[in-house]
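**Student:** Structure file protein-v2.txt (compact mmCIF, C-alpha atoms and all ligand atoms) right here:
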```
# COMPACT_ATOMS: atom_id res chain seq x y z
CA MET A 19 -3.55 34.86 -23.06
CA ASN A 20 -0.97 32.12 -23.16
CA ASN A 21 -1.85 29.56 -25.81
CA ASN A 22 0.97 27.10 -25.14
CA PRO A 23 -0.02 24.95 -22.16
CA GLN A 24 3.59 23.73 -21.88
CA ASN A 25 4.56 27.19 -20.63
CA ASP A 26 1.92 27.42 -17.91
CA SER A 27 3.13 27.04 -14.35
CA THR A 28 1.88 24.04 -12.42
CA ILE A 29 0.16 26.35 -9.96
CA SER A 30 -1.71 28.18 -12.74
CA LEU A 31 -2.91 24.82 -14.12
CA ALA A 32 -4.21 23.92 -10.67
CA ASP A 33 -6.04 27.26 -10.43
CA ARG A 34 -7.60 26.77 -13.82
CA TYR A 35 -8.46 23.05 -13.84
CA MET A 36 -8.73 21.75 -10.29
CA PHE A 37 -11.44 21.96 -7.67
CA GLN A 38 -10.08 24.40 -5.13
CA THR A 39 -10.54 21.99 -2.20
CA TYR A 40 -7.01 22.46 -0.84
CA SER A 41 -5.16 25.51 0.35
CA ARG A 42 -1.76 24.33 -0.78
CA PHE A 43 1.69 25.70 -0.12
CA PRO A 44 3.14 27.44 -3.22
CA LEU A 45 5.44 24.54 -3.90
CA THR A 46 5.61 22.01 -6.73
CA LEU A 47 7.50 18.86 -5.79
CA VAL A 48 9.04 16.62 -8.41
CA ARG A 49 11.36 14.17 -6.65
CA GLY A 50 12.10 12.66 -3.25
CA GLU A 51 14.71 10.52 -1.55
CA GLY A 52 14.72 9.44 2.08
CA CYS A 53 13.59 12.43 4.17
CA ARG A 54 14.22 14.98 1.41
CA VAL A 55 12.17 16.27 -1.52
CA TRP A 56 13.03 18.62 -4.38
CA ASP A 57 10.93 21.24 -6.17
CA GLU A 58 10.78 22.20 -9.86
CA GLU A 59 13.71 24.58 -9.48
CA GLY A 60 15.85 21.89 -7.86
CA ARG A 61 15.60 23.38 -4.37
CA GLU A 62 15.91 20.80 -1.58
CA TYR A 63 13.55 20.47 1.40
CA LEU A 64 13.77 18.41 4.55
CA ASP A 65 10.42 16.64 4.94
CA PHE A 66 8.90 16.41 8.43
CA VAL A 67 5.39 15.91 7.03
CA GLY A 68 6.14 12.58 5.38
CA GLY A 69 3.02 12.73 3.20
CA ILE A 70 1.05 13.05 6.47
CA ALA A 71 2.39 9.94 8.20
CA VAL A 72 2.37 7.94 4.96
CA CYS A 73 6.00 7.66 3.81
CA ALA A 74 7.29 5.58 6.73
CA LEU A 75 10.24 4.18 4.79
CA GLY A 76 10.90 7.56 3.19
CA HIS A 77 10.71 8.71 -0.42
CA SER A 78 11.96 6.50 -3.26
CA SER A 79 12.40 3.60 -0.86
CA PRO A 80 14.41 0.90 -2.68
CA ILE A 81 12.19 -1.73 -1.00
CA VAL A 82 9.06 -0.19 -2.51
CA SER A 83 10.65 0.35 -5.93
CA ARG A 84 11.89 -3.22 -6.19
CA VAL A 85 8.59 -4.87 -5.25
CA LEU A 86 6.61 -2.40 -7.36
CA LYS A 87 8.67 -3.29 -10.43
CA GLU A 88 8.62 -7.06 -9.86
CA GLN A 89 4.92 -7.32 -9.05
CA SER A 90 3.85 -4.93 -11.82
CA GLU A 91 5.49 -7.29 -14.29
CA MET A 92 3.61 -10.26 -12.76
CA LEU A 93 0.04 -9.14 -12.04
CA VAL A 94 -1.41 -5.73 -11.15
CA HIS A 95 -5.14 -6.35 -10.72
CA VAL A 96 -7.74 -9.05 -11.30
CA SER A 97 -10.63 -8.20 -8.89
CA ASN A 98 -11.63 -9.89 -5.67
CA LEU A 99 -13.53 -12.55 -7.63
CA TYR A 100 -10.23 -14.47 -7.51
CA TYR A 101 -7.54 -15.31 -4.98
CA THR A 102 -4.14 -13.68 -5.26
CA ARG A 103 -1.13 -14.68 -3.19
CA PRO A 104 0.17 -11.21 -2.19
CA GLN A 105 -3.20 -10.27 -0.64
CA MET A 106 -3.28 -13.39 1.51
CA GLU A 107 0.38 -13.01 2.55
CA LEU A 108 -0.29 -9.43 3.65
CA ALA A 109 -3.38 -10.53 5.61
CA ARG A 110 -1.37 -13.29 7.30
CA LEU A 111 1.42 -10.92 8.34
CA LEU A 112 -1.09 -8.41 9.75
CA VAL A 113 -2.96 -11.09 11.70
CA GLU A 114 0.22 -12.70 13.02
CA ASN A 115 1.31 -9.35 14.39
CA SER A 116 -1.95 -8.04 15.84
CA PHE A 117 -4.89 -8.97 18.09
CA ALA A 118 -6.98 -9.63 14.99
CA ASP A 119 -8.08 -12.84 13.27
CA LYS A 120 -9.38 -11.46 9.98
CA VAL A 121 -8.67 -8.62 7.56
CA PHE A 122 -10.69 -6.71 4.96
CA PHE A 123 -8.73 -4.58 2.45
CA CYS A 124 -9.86 -1.32 0.89
CA ASN A 125 -8.17 1.80 -0.48
CA SER A 126 -8.08 4.52 2.16
CA GLY A 127 -8.53 5.40 5.80
CA ALA A 128 -12.07 6.63 5.25
CA GLU A 129 -13.03 3.37 3.58
CA ALA A 130 -11.45 1.35 6.37
CA ASN A 131 -13.55 3.31 8.86
CA GLU A 132 -16.66 2.88 6.69
CA ALA A 133 -16.06 -0.87 6.85
CA ALA A 134 -15.61 -0.69 10.64
CA ILE A 135 -18.87 1.25 11.07
CA LYS A 136 -20.72 -1.18 8.82
CA LEU A 137 -19.30 -4.24 10.58
CA ALA A 138 -20.15 -2.89 14.07
CA ARG A 139 -23.74 -2.13 13.00
CA ARG A 140 -24.25 -5.43 11.22
CA TYR A 141 -22.80 -7.53 14.03
CA SER A 142 -24.90 -5.74 16.65
CA ASN A 143 -27.98 -6.00 14.50
CA GLU A 144 -27.57 -9.77 14.26
CA LYS A 145 -26.69 -10.21 17.91
CA PHE A 146 -28.85 -7.67 19.76
CA GLY A 147 -31.50 -6.62 17.25
CA GLN A 148 -32.24 -3.26 15.66
CA ASP A 149 -32.22 -0.95 18.66
CA ARG A 150 -28.52 -1.10 19.35
CA ARG A 151 -26.88 0.94 16.61
CA THR A 152 -25.49 4.17 18.00
CA ILE A 153 -21.75 4.71 17.70
CA ILE A 154 -20.03 6.94 20.23
CA SER A 155 -17.17 8.97 18.83
CA MET A 156 -14.94 11.68 20.33
CA ASP A 157 -14.95 15.47 20.12
CA ASN A 158 -12.09 16.66 17.91
CA SER A 159 -11.72 13.25 16.29
CA PHE A 160 -11.01 12.69 12.62
CA HIS A 161 -12.24 9.60 10.79
CA GLY A 162 -12.44 10.67 7.12
CA ARG A 163 -14.45 12.59 4.53
CA THR A 164 -17.08 10.14 3.26
CA MET A 165 -20.64 10.75 4.50
CA ALA A 166 -20.43 8.11 7.23
CA THR A 167 -16.93 8.98 8.38
CA LEU A 168 -17.48 12.73 8.41
CA SER A 169 -20.64 12.05 10.40
CA ALA A 170 -18.41 10.13 12.83
CA THR A 171 -15.92 13.00 12.96
CA GLY A 172 -16.21 15.32 15.97
CA GLN A 173 -15.36 18.57 14.17
CA THR A 174 -18.10 20.90 12.89
CA LYS A 175 -15.77 22.49 10.31
CA ILE A 176 -15.62 19.13 8.50
CA GLN A 177 -19.40 18.63 8.62
CA THR A 178 -20.57 22.13 7.64
CA GLY A 179 -22.83 22.21 4.58
CA TYR A 180 -23.34 18.46 4.27
CA ASP A 181 -26.64 18.02 6.11
CA PRO A 182 -28.36 15.70 6.58
CA LEU A 183 -25.47 13.87 8.20
CA LEU A 184 -25.72 10.14 8.79
CA GLY A 185 -27.66 9.48 11.98
CA GLY A 186 -26.63 7.34 14.91
CA PHE A 187 -23.47 9.08 16.11
CA LYS A 188 -23.01 10.59 19.55
CA PHE A 189 -19.99 12.57 20.76
CA VAL A 190 -18.20 12.77 24.09
CA PRO A 191 -14.97 14.54 25.06
CA PHE A 192 -11.74 12.54 24.62
CA ASN A 193 -10.08 11.59 27.91
CA ASP A 194 -13.36 12.03 29.85
CA ILE A 195 -14.33 8.63 31.22
CA ASN A 196 -17.39 9.97 33.11
CA GLY A 197 -18.75 11.50 29.92
CA LEU A 198 -18.42 8.14 28.19
CA ASP A 199 -19.96 6.34 31.17
CA GLN A 200 -23.09 8.51 30.91
CA ALA A 201 -23.39 8.24 27.12
CA LEU A 202 -22.86 4.48 26.94
CA ASP A 203 -26.47 3.27 27.18
CA VAL A 204 -28.22 0.24 25.63
CA SER A 205 -28.58 1.99 22.26
CA VAL A 206 -24.80 1.98 21.77
CA CYS A 207 -23.18 -0.70 19.62
CA ALA A 208 -19.65 0.67 19.51
CA VAL A 209 -17.18 3.26 20.76
CA MET A 210 -14.84 4.55 18.06
CA LEU A 211 -11.65 6.48 18.77
CA GLU A 212 -8.10 7.24 17.76
CA PRO A 213 -5.70 6.02 20.48
CA ILE A 214 -3.84 9.30 19.86
CA GLN A 215 -5.79 12.05 18.10
CA GLY A 216 -3.72 13.12 15.08
CA GLU A 217 -5.70 15.80 13.25
CA GLY A 218 -7.11 16.89 16.61
CA GLY A 219 -3.64 18.17 17.53
CA VAL A 220 -1.61 15.13 18.67
CA VAL A 221 -3.72 14.58 21.79
CA CYS A 222 -2.60 11.58 23.87
CA PRO A 223 -4.82 9.56 26.20
CA SER A 224 -4.18 9.97 29.91
CA PRO A 225 -2.58 6.71 31.13
CA PRO A 226 -5.68 4.92 32.52
CA TYR A 227 -8.16 6.25 29.94
CA LEU A 228 -8.06 3.55 27.23
CA LYS A 229 -8.13 0.76 29.86
CA LYS A 230 -11.23 2.29 31.40
CA VAL A 231 -12.86 2.68 27.99
CA ARG A 232 -12.23 -1.02 27.39
CA GLU A 233 -13.75 -1.92 30.79
CA LEU A 234 -16.88 0.15 30.12
CA CYS A 235 -17.29 -1.41 26.68
CA ASN A 236 -17.00 -4.89 28.20
CA GLN A 237 -19.55 -4.11 30.92
CA ARG A 238 -22.11 -2.73 28.45
CA ASN A 239 -21.53 -5.13 25.54
CA ALA A 240 -20.28 -2.39 23.23
CA LEU A 241 -17.55 -2.93 20.65
CA LEU A 242 -14.33 -0.94 20.75
CA ILE A 243 -13.01 0.41 17.44
CA PHE A 244 -9.51 1.89 17.25
CA ASP A 245 -8.80 4.12 14.27
CA GLU A 246 -5.04 3.61 13.84
CA VAL A 247 -4.99 5.07 10.33
CA GLN A 248 -2.46 7.74 11.37
CA VAL A 249 -0.75 6.27 14.43
CA GLY A 250 -0.51 2.61 13.37
CA MET A 251 2.23 0.97 11.28
CA GLY A 252 5.09 1.84 13.63
CA ARG A 253 4.54 5.58 13.89
CA THR A 254 4.63 5.56 17.71
CA GLY A 255 7.56 3.14 18.04
CA LYS A 256 5.32 0.09 18.42
CA LEU A 257 3.54 -1.45 15.45
CA PHE A 258 0.19 -0.18 16.78
CA ALA A 259 -0.33 2.73 19.17
CA HIS A 260 -2.74 0.77 21.40
CA GLN A 261 0.12 -1.60 22.31
CA HIS A 262 1.58 1.19 24.47
CA TYR A 263 -1.52 1.15 26.64
CA GLY A 264 -2.11 -2.58 27.13
CA VAL A 265 -5.58 -2.37 25.61
CA VAL A 266 -6.94 -4.45 22.74
CA PRO A 267 -9.83 -3.32 20.49
CA ASP A 268 -12.44 -5.44 18.72
CA ILE A 269 -11.91 -3.66 15.41
CA MET A 270 -8.91 -1.69 14.13
CA THR A 271 -8.48 0.38 11.00
CA LEU A 272 -5.23 1.09 9.13
CA ALA A 273 -4.24 3.02 6.01
CA LYS A 274 -1.70 5.84 5.57
CA ALA A 275 1.73 4.16 6.05
CA LEU A 276 0.43 0.68 5.18
CA GLY A 277 1.36 1.17 1.51
CA ASN A 278 4.10 3.79 2.02
CA GLY A 279 2.25 5.95 -0.53
CA LEU A 280 0.35 3.38 -2.56
CA PRO A 281 -3.35 3.60 -1.68
CA ILE A 282 -4.45 0.84 0.68
CA GLY A 283 -6.60 0.63 3.80
CA ALA A 284 -7.41 -2.30 6.06
CA MET A 285 -10.06 -3.16 8.63
CA LEU A 286 -9.16 -5.89 11.11
CA SER A 287 -11.31 -7.67 13.66
CA THR A 288 -11.74 -10.74 15.80
CA GLU A 289 -13.14 -13.97 14.39
CA GLU A 290 -16.49 -13.56 16.11
CA LEU A 291 -17.16 -10.20 14.48
CA ALA A 292 -15.80 -11.25 11.11
CA LYS A 293 -18.62 -13.82 10.88
CA ALA A 294 -21.08 -10.93 10.47
CA PHE A 295 -19.38 -9.99 7.19
CA GLY A 296 -20.28 -12.96 5.00
CA PRO A 297 -20.29 -13.21 1.18
CA GLY A 298 -21.98 -10.18 -0.40
CA SER A 299 -22.06 -8.10 2.78
CA HIS A 300 -19.27 -5.72 1.77
CA ALA A 301 -16.92 -5.33 -1.19
CA THR A 302 -14.58 -3.12 -3.19
CA THR A 303 -13.06 -3.26 -6.66
CA PHE A 304 -9.52 -2.24 -5.86
CA GLY A 305 -9.10 -3.33 -2.23
CA GLY A 306 -5.93 -5.38 -1.82
CA THR A 307 -4.79 -5.64 -5.43
CA PRO A 308 -1.78 -7.90 -5.88
CA LEU A 309 0.37 -4.87 -6.73
CA VAL A 310 -0.48 -2.81 -3.65
CA SER A 311 -0.57 -5.85 -1.36
CA ALA A 312 2.91 -6.96 -2.42
CA VAL A 313 4.27 -3.49 -1.68
CA SER A 314 2.44 -3.29 1.67
CA HIS A 315 3.73 -6.71 2.64
CA ALA A 316 7.31 -5.57 2.00
CA VAL A 317 6.69 -2.34 3.93
CA LEU A 318 5.21 -4.16 6.93
CA LYS A 319 7.99 -6.75 6.89
CA SER A 320 10.61 -4.02 6.87
CA ILE A 321 8.92 -2.17 9.75
CA LEU A 322 8.88 -5.41 11.75
CA GLU A 323 12.29 -6.82 10.89
CA ASP A 324 14.72 -4.04 10.04
CA GLY A 325 14.91 -2.35 13.44
CA ARG A 326 12.51 0.38 12.36
CA LEU A 327 10.51 0.38 15.60
CA GLU A 328 13.59 0.74 17.81
CA HIS A 329 14.92 3.46 15.52
CA CYS A 330 11.56 5.26 15.64
CA GLN A 331 11.56 5.13 19.45
CA SER A 332 15.08 6.48 19.81
CA MET A 333 14.67 9.18 17.13
CA GLY A 334 11.30 10.10 18.65
CA ASP A 335 12.90 10.53 22.08
CA TYR A 336 15.71 12.56 20.54
CA LEU A 337 13.29 14.85 18.66
CA LYS A 338 11.07 15.24 21.72
CA LYS A 339 14.04 16.26 23.88
CA GLY A 340 15.06 18.82 21.26
CA LEU A 341 11.55 20.29 21.16
CA GLU A 342 11.42 20.40 24.96
CA ARG A 343 14.72 22.30 24.96
CA LEU A 344 13.19 24.85 22.58
CA SER A 345 10.16 25.08 24.84
CA ARG A 346 12.29 25.92 27.90
CA LYS A 347 14.38 28.42 25.93
CA HIS A 348 11.69 30.38 24.12
CA GLY A 349 8.51 30.21 26.14
CA LEU A 350 6.23 30.46 23.03
CA ILE A 351 5.43 26.78 23.53
CA LYS A 352 2.65 25.57 25.83
CA GLU A 353 3.22 21.83 25.54
CA VAL A 354 5.29 19.22 23.69
CA ARG A 355 3.45 15.91 23.33
CA GLY A 356 3.21 12.67 21.40
CA LEU A 357 4.86 9.27 21.13
CA GLY A 358 7.61 8.04 18.84
CA LEU A 359 7.57 10.06 15.64
CA ILE A 360 4.16 11.66 15.95
CA LEU A 361 4.97 14.75 17.97
CA GLY A 362 3.06 17.98 18.48
CA VAL A 363 4.12 21.37 19.77
CA GLU A 364 1.23 23.42 21.07
CA MET A 365 2.03 27.11 20.64
CA ASP A 366 0.54 30.02 22.58
CA GLN A 367 -0.34 31.55 19.16
CA PRO A 368 -1.24 30.37 15.64
CA GLY A 369 1.38 28.04 14.14
CA GLY A 370 0.84 29.10 10.50
CA PRO A 371 3.62 31.74 10.48
CA VAL A 372 6.10 29.18 11.88
CA VAL A 373 5.14 26.68 9.15
CA ASP A 374 5.65 29.40 6.49
CA ALA A 375 9.00 30.44 7.97
CA CYS A 376 10.10 26.79 7.96
CA LEU A 377 9.18 26.48 4.28
CA GLU A 378 11.35 29.52 3.49
CA GLN A 379 14.22 27.78 5.28
CA GLY A 380 13.72 24.58 3.25
CA LEU A 381 11.87 22.62 5.92
CA LEU A 382 8.41 21.05 5.56
CA ILE A 383 6.23 20.81 8.68
CA ASN A 384 2.49 21.27 9.13
CA CYS A 385 -0.07 22.44 11.60
CA ALA A 386 -2.89 20.42 13.18
CA GLN A 387 -5.69 22.61 14.47
CA GLU A 388 -4.71 26.29 14.62
CA ASN A 389 -1.79 26.22 16.99
CA VAL A 390 -0.20 22.76 17.07
CA LEU A 391 2.93 22.20 14.99
CA ARG A 392 2.98 18.55 14.00
CA PHE A 393 6.05 16.45 13.15
CA LEU A 394 5.55 13.20 11.18
CA PRO A 395 8.89 12.49 9.49
CA PRO A 396 9.64 9.20 7.77
CA LEU A 397 10.55 6.59 10.41
CA ILE A 398 14.02 6.41 8.85
CA VAL A 399 14.81 10.01 9.88
CA ARG A 400 18.39 10.50 11.12
CA LYS A 401 19.87 12.46 14.02
CA GLU A 402 21.51 15.03 11.73
CA GLU A 403 18.15 15.72 10.11
CA ILE A 404 16.53 16.24 13.51
CA ASP A 405 19.40 18.56 14.48
CA LEU A 406 18.73 20.58 11.32
CA LEU A 407 15.03 20.86 12.21
CA ILE A 408 15.74 21.93 15.79
CA GLY A 409 18.37 24.47 14.65
CA THR A 410 15.95 26.00 12.14
CA LEU A 411 13.08 26.18 14.65
CA ASP A 412 15.46 27.72 17.19
CA LYS A 413 16.29 30.57 14.77
CA ILE A 414 12.62 31.09 13.87
CA PHE A 415 11.46 31.18 17.52
CA GLN A 416 14.32 33.56 18.35
CA GLY A 417 13.09 35.94 15.63
CA MET A 418 9.51 35.72 16.90
CA ARG A 419 10.58 36.65 20.42
CA ILE A 420 12.33 39.76 19.14
CA GLU A 421 9.19 40.75 17.18
CA ASN A 422 6.97 40.21 20.20
C1 LIG A 501 -6.07 10.41 7.51
C2 LIG A 501 -7.01 9.80 8.47
C3 LIG A 501 -8.23 9.23 8.06
C4 LIG A 501 -8.71 9.29 6.63
O1 LIG A 501 -7.88 8.62 5.76
P1 LIG A 501 -8.06 8.83 4.17
O2 LIG A 501 -7.08 7.86 3.58
O3 LIG A 501 -7.70 10.26 3.89
O4 LIG A 501 -9.45 8.54 3.83
C5 LIG A 501 -9.01 8.59 9.02
N1 LIG A 501 -8.64 8.55 10.30
C6 LIG A 501 -7.49 9.10 10.73
C7 LIG A 501 -7.13 9.00 12.17
C8 LIG A 501 -6.64 9.76 9.85
O5 LIG A 501 -5.53 10.34 10.28
```
Represent the structure from my file as structure tokens, please.
Ligand SMILES: *Cc1c(COP(=O)(O)O)cnc(C)c1O

**Tutor:**
Amino acid sequence: MNNNPQNDSTISLADRYMFQTYSRFPLTLVRGEGCRVWDEEGREYLDFVGGIAVCALGHSSPIVSRVLKEQSEMLVHVSNLYYTRPQMELARLLVENSFADKVFFCNSGAEANEAAIKLARRYSNEKFGQDRRTIISMDNSFHGRTMATLSATGQTKIQTGYDPLLGGFKFVPFNDINGLDQALDVSVCAVMLEPIQGEGGVVCPSPPYLKKVRELCNQRNALLIFDEVQVGMGRTGKLFAHQHYGVVPDIMTLAKALGNGLPIGAMLSTEELAKAFGPGSHATTFGGTPLVSAVSHAVLKSILEDGRLEHCQSMGDYLKKGLERLSRKHGLIKEVRGLGLILGVEMDQPGGPVVDACLEQGLLINCAQENVLRFLPPLIVRKEEIDLLIGTLDKIFQGMRIEN
């Protein structure tokens, strides 16, 4: 029995004191800079997880540090009973650069989707009455872990054990316009989807799909909700993923990279819908604090003005070409897919061993679903860092071919 808690390893503290909700890698990180992080022993890792699409400007971004310091010395939090300038400036910048007219701030992706679900139901209730309240969502989608958002998530492994789920959700396959056509009856108030499915394994829409979804929604008076929590904020090389497809939603949700690691989510919509969310209809204590809003504003401004989107596009193309080269060389790969710097490599076998081998080589990647390696580096990733990733994967795949 060790009586001095100072001597206990971080991992043993987690085992003893934490809910065991995560199966974590045996790695304790203490510091980060750009696309690299360091563990307790001072070992360096190249980070192609980026906090799961959160750290767009990289670790220890000087932009974030500066604004964090300045704003924390001015005002951190006062509640949404009062106006604060940083919140309104962030809302203005989001509206000026999107289809939307109005913004609601919260603290996470799940909360942003909760707000979207609530707004769609409330608007439809006012406009069409009580019978139109079903939301159609996609198989293999991911919308969050709260009761409403896990009910909207098309993956049984996320829903198991939590019955009764929230009612009023229906599921259709992604990329199947006929399936949606059949499901979209008069009971439906909204269709909710990720323009590119992230957790589902970096699944992209076929070129005409989102346009046809929009057309069906228009025909049947259903709202279209895009969950851009993972793929928004420049991840695909445009500020929002839907801009690649020439389709505009009625509601959009953001989180992950919006605060570059500070917790913030946002739900955006058109003016007409926003009217259904009047005073008292929805609220949150922390949503859009001056501190987090000031940081998010600086992050968004940098993504828009510092060439980040162009850089993301060119680095994304470069990484994709590298992965395609590996695919031709080694065969173990079924498909390389994605846009900008959300890329997936579907393997013909589980990806876990590749992720573990990468970790041993000082490289962080992760796996979406069983067999899709996913790459979500900071948008500031450089060519040399991509070369390092490709070189390491090349060696690992080579070893796997010899074993097979
Ligand atoms: C991560 C994610 C969420 C949930 O976000 P949280 O901040 O973890 O609640 C919702 N939708 C998508 C597409 C995501 O990738």

**Student:** Which chains and residue numbers are within 9 Å of ligand LIG 501 (chain A), counting all atoms listed in the file, if I want them as number ranges by chain?

**Tutor:** A: 70-71, 125-131, 159-164, 167, 171, 211-217, 245-249, 271-274, 281-283

**Student:** Step by step, gather every atom of stretch 246-261 of chain A that the file lists, find the box along x, y and z that holds them, add 5 Å on each side, and finally give centre and edge lengths in Å to one decimal, as lines of an AutoDock Vina configuration file.

**Tutor:**
```
center_x = 1.3
center_y = 3.1
center_z = 16.3
size_x = 22.6
size_y = 19.3
size_z = 22.0
```

**Student:** Need to verify the contact set: A:Gly369, 9 Å, only C-alpha atoms, exclusion of same-chain residues closer than 5 positions in sequence. Can you return it as a ChimeraX atom specification?

**Tutor:** /A:364,374,384-391

**Student:** By how many Å are atom CA of A:Ala166 and atom CA of A:Ser97 apart?

**Tutor:**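 Computed distance, atom CA of A:Ala166 to atom CA of A:Ser97, equals 24.9 Å.
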
**Student:** Please, what distance in Å, to one decimal, runs between atom CA of A:Gln367 and atom CA of A:Arg346?

**Tutor:**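 Distance reported for this atom pair: 16.4 Å.
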
**Student:** Can I get the residues of stretch 276-347 of chain A within 12 Å of stretch 393-403 of chain A, each with the closest pair of atoms and their distance in Å to one decimal, using all atoms listed in the file, sorted chain first then ascending number, as a tab-separated table?

**Tutor:**
```
residue	atom	partner	partner_atom	distance
A:Asn278	CA	A:Pro396	CA	9.6
A:Gly279	CA	A:Pro396	CA	11.6
A:Val317	CA	A:Leu397	CA	11.7
A:Ser320	CA	A:Ile398	CA	11.2
A:Ile321	CA	A:Leu397	CA	8.9
A:Asp324	CA	A:Ile398	CA	10.5
A:Gly325	CA	A:Ile398	CA	9.9
A:Arg326	CA	A:Leu397	CA	6.8
A:Leu327	CA	A:Leu397	CA	8.1
A:Glu328	CA	A:Leu397	CA	9.9
A:His329	CA	A:Ile398	CA	7.3
A:Cys330	CA	A:Leu397	CA	5.5
A:Gln331	CA	A:Leu397	CA	9.2
A:Ser332	CA	A:Lys401	CA	9.6
A:Met333	CA	A:Lys401	CA	6.9
A:Gly334	CA	A:Leu397	CA	9.0
A:Asp335	CA	A:Lys401	CA	10.8
A:Tyr336	CA	A:Lys401	CA	7.7
A:Leu337	CA	A:Lys401	CA	8.4
A:Lys338	CA	A:Phe393	CA	10.0
A:Gly340	CA	A:Lys401	CA	10.8
A:Leu341	CA	A:Phe393	CA	10.4
```

**Student:** Write to file, as an mmCIF file, in the frame of the given file, the residues of the selection just made, with C-alpha atoms.

**Tutor:**
```cif
data_model
loop_
_atom_site.group_PDB
_atom_site.id
_atom_site.type_symbol
_atom_site.label_atom_id
_atom_site.label_comp_id
_atom_site.auth_asym_id
_atom_site.auth_seq_id
_atom_site.Cartn_x
_atom_site.Cartn_y
_atom_site.Cartn_z
ATOM 1 C CA ASN A 278 4.100 3.790 2.020
ATOM 2 C CA GLY A 279 2.250 5.950 -0.530
ATOM 3 C CA VAL A 317 6.690 -2.340 3.930
ATOM 4 C CA SER A 320 10.610 -4.020 6.870
ATOM 5 C CA ILE A 321 8.920 -2.170 9.750
ATOM 6 C CA ASP A 324 14.720 -4.040 10.040
ATOM 7 C CA GLY A 325 14.910 -2.350 13.440
ATOM 8 C CA ARG A 326 12.510 0.380 12.360
ATOM 9 C CA LEU A 327 10.510 0.380 15.600
ATOM 10 C CA GLU A 328 13.590 0.740 17.810
ATOM 11 C CA HIS A 329 14.920 3.460 15.520
ATOM 12 C CA CYS A 330 11.560 5.260 15.640
ATOM 13 C CA GLN A 331 11.560 5.130 19.450
ATOM 14 C CA SER A 332 15.080 6.480 19.810
ATOM 15 C CA MET A 333 14.670 9.180 17.130
ATOM 16 C CA GLY A 334 11.300 10.100 18.650
ATOM 17 C CA ASP A 335 12.900 10.530 22.080
ATOM 18 C CA TYR A 336 15.710 12.560 20.540
ATOM 19 C CA LEU A 337 13.290 14.850 18.660
ATOM 20 C CA LYS A 338 11.070 15.240 21.720
ATOM 21 C CA GLY A 340 15.060 18.820 21.260
ATOM 22 C CA LEU A 341 11.550 20.290 21.160
#
```

**Student:** Which distance in Å separates atom CA of A:Tyr141 and atom CA of A:Glu114, to one decimal?

**Tutor:**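 Separating atom CA of A:Tyr141 from atom CA of A:Glu114 is a distance of 23.6 Å.
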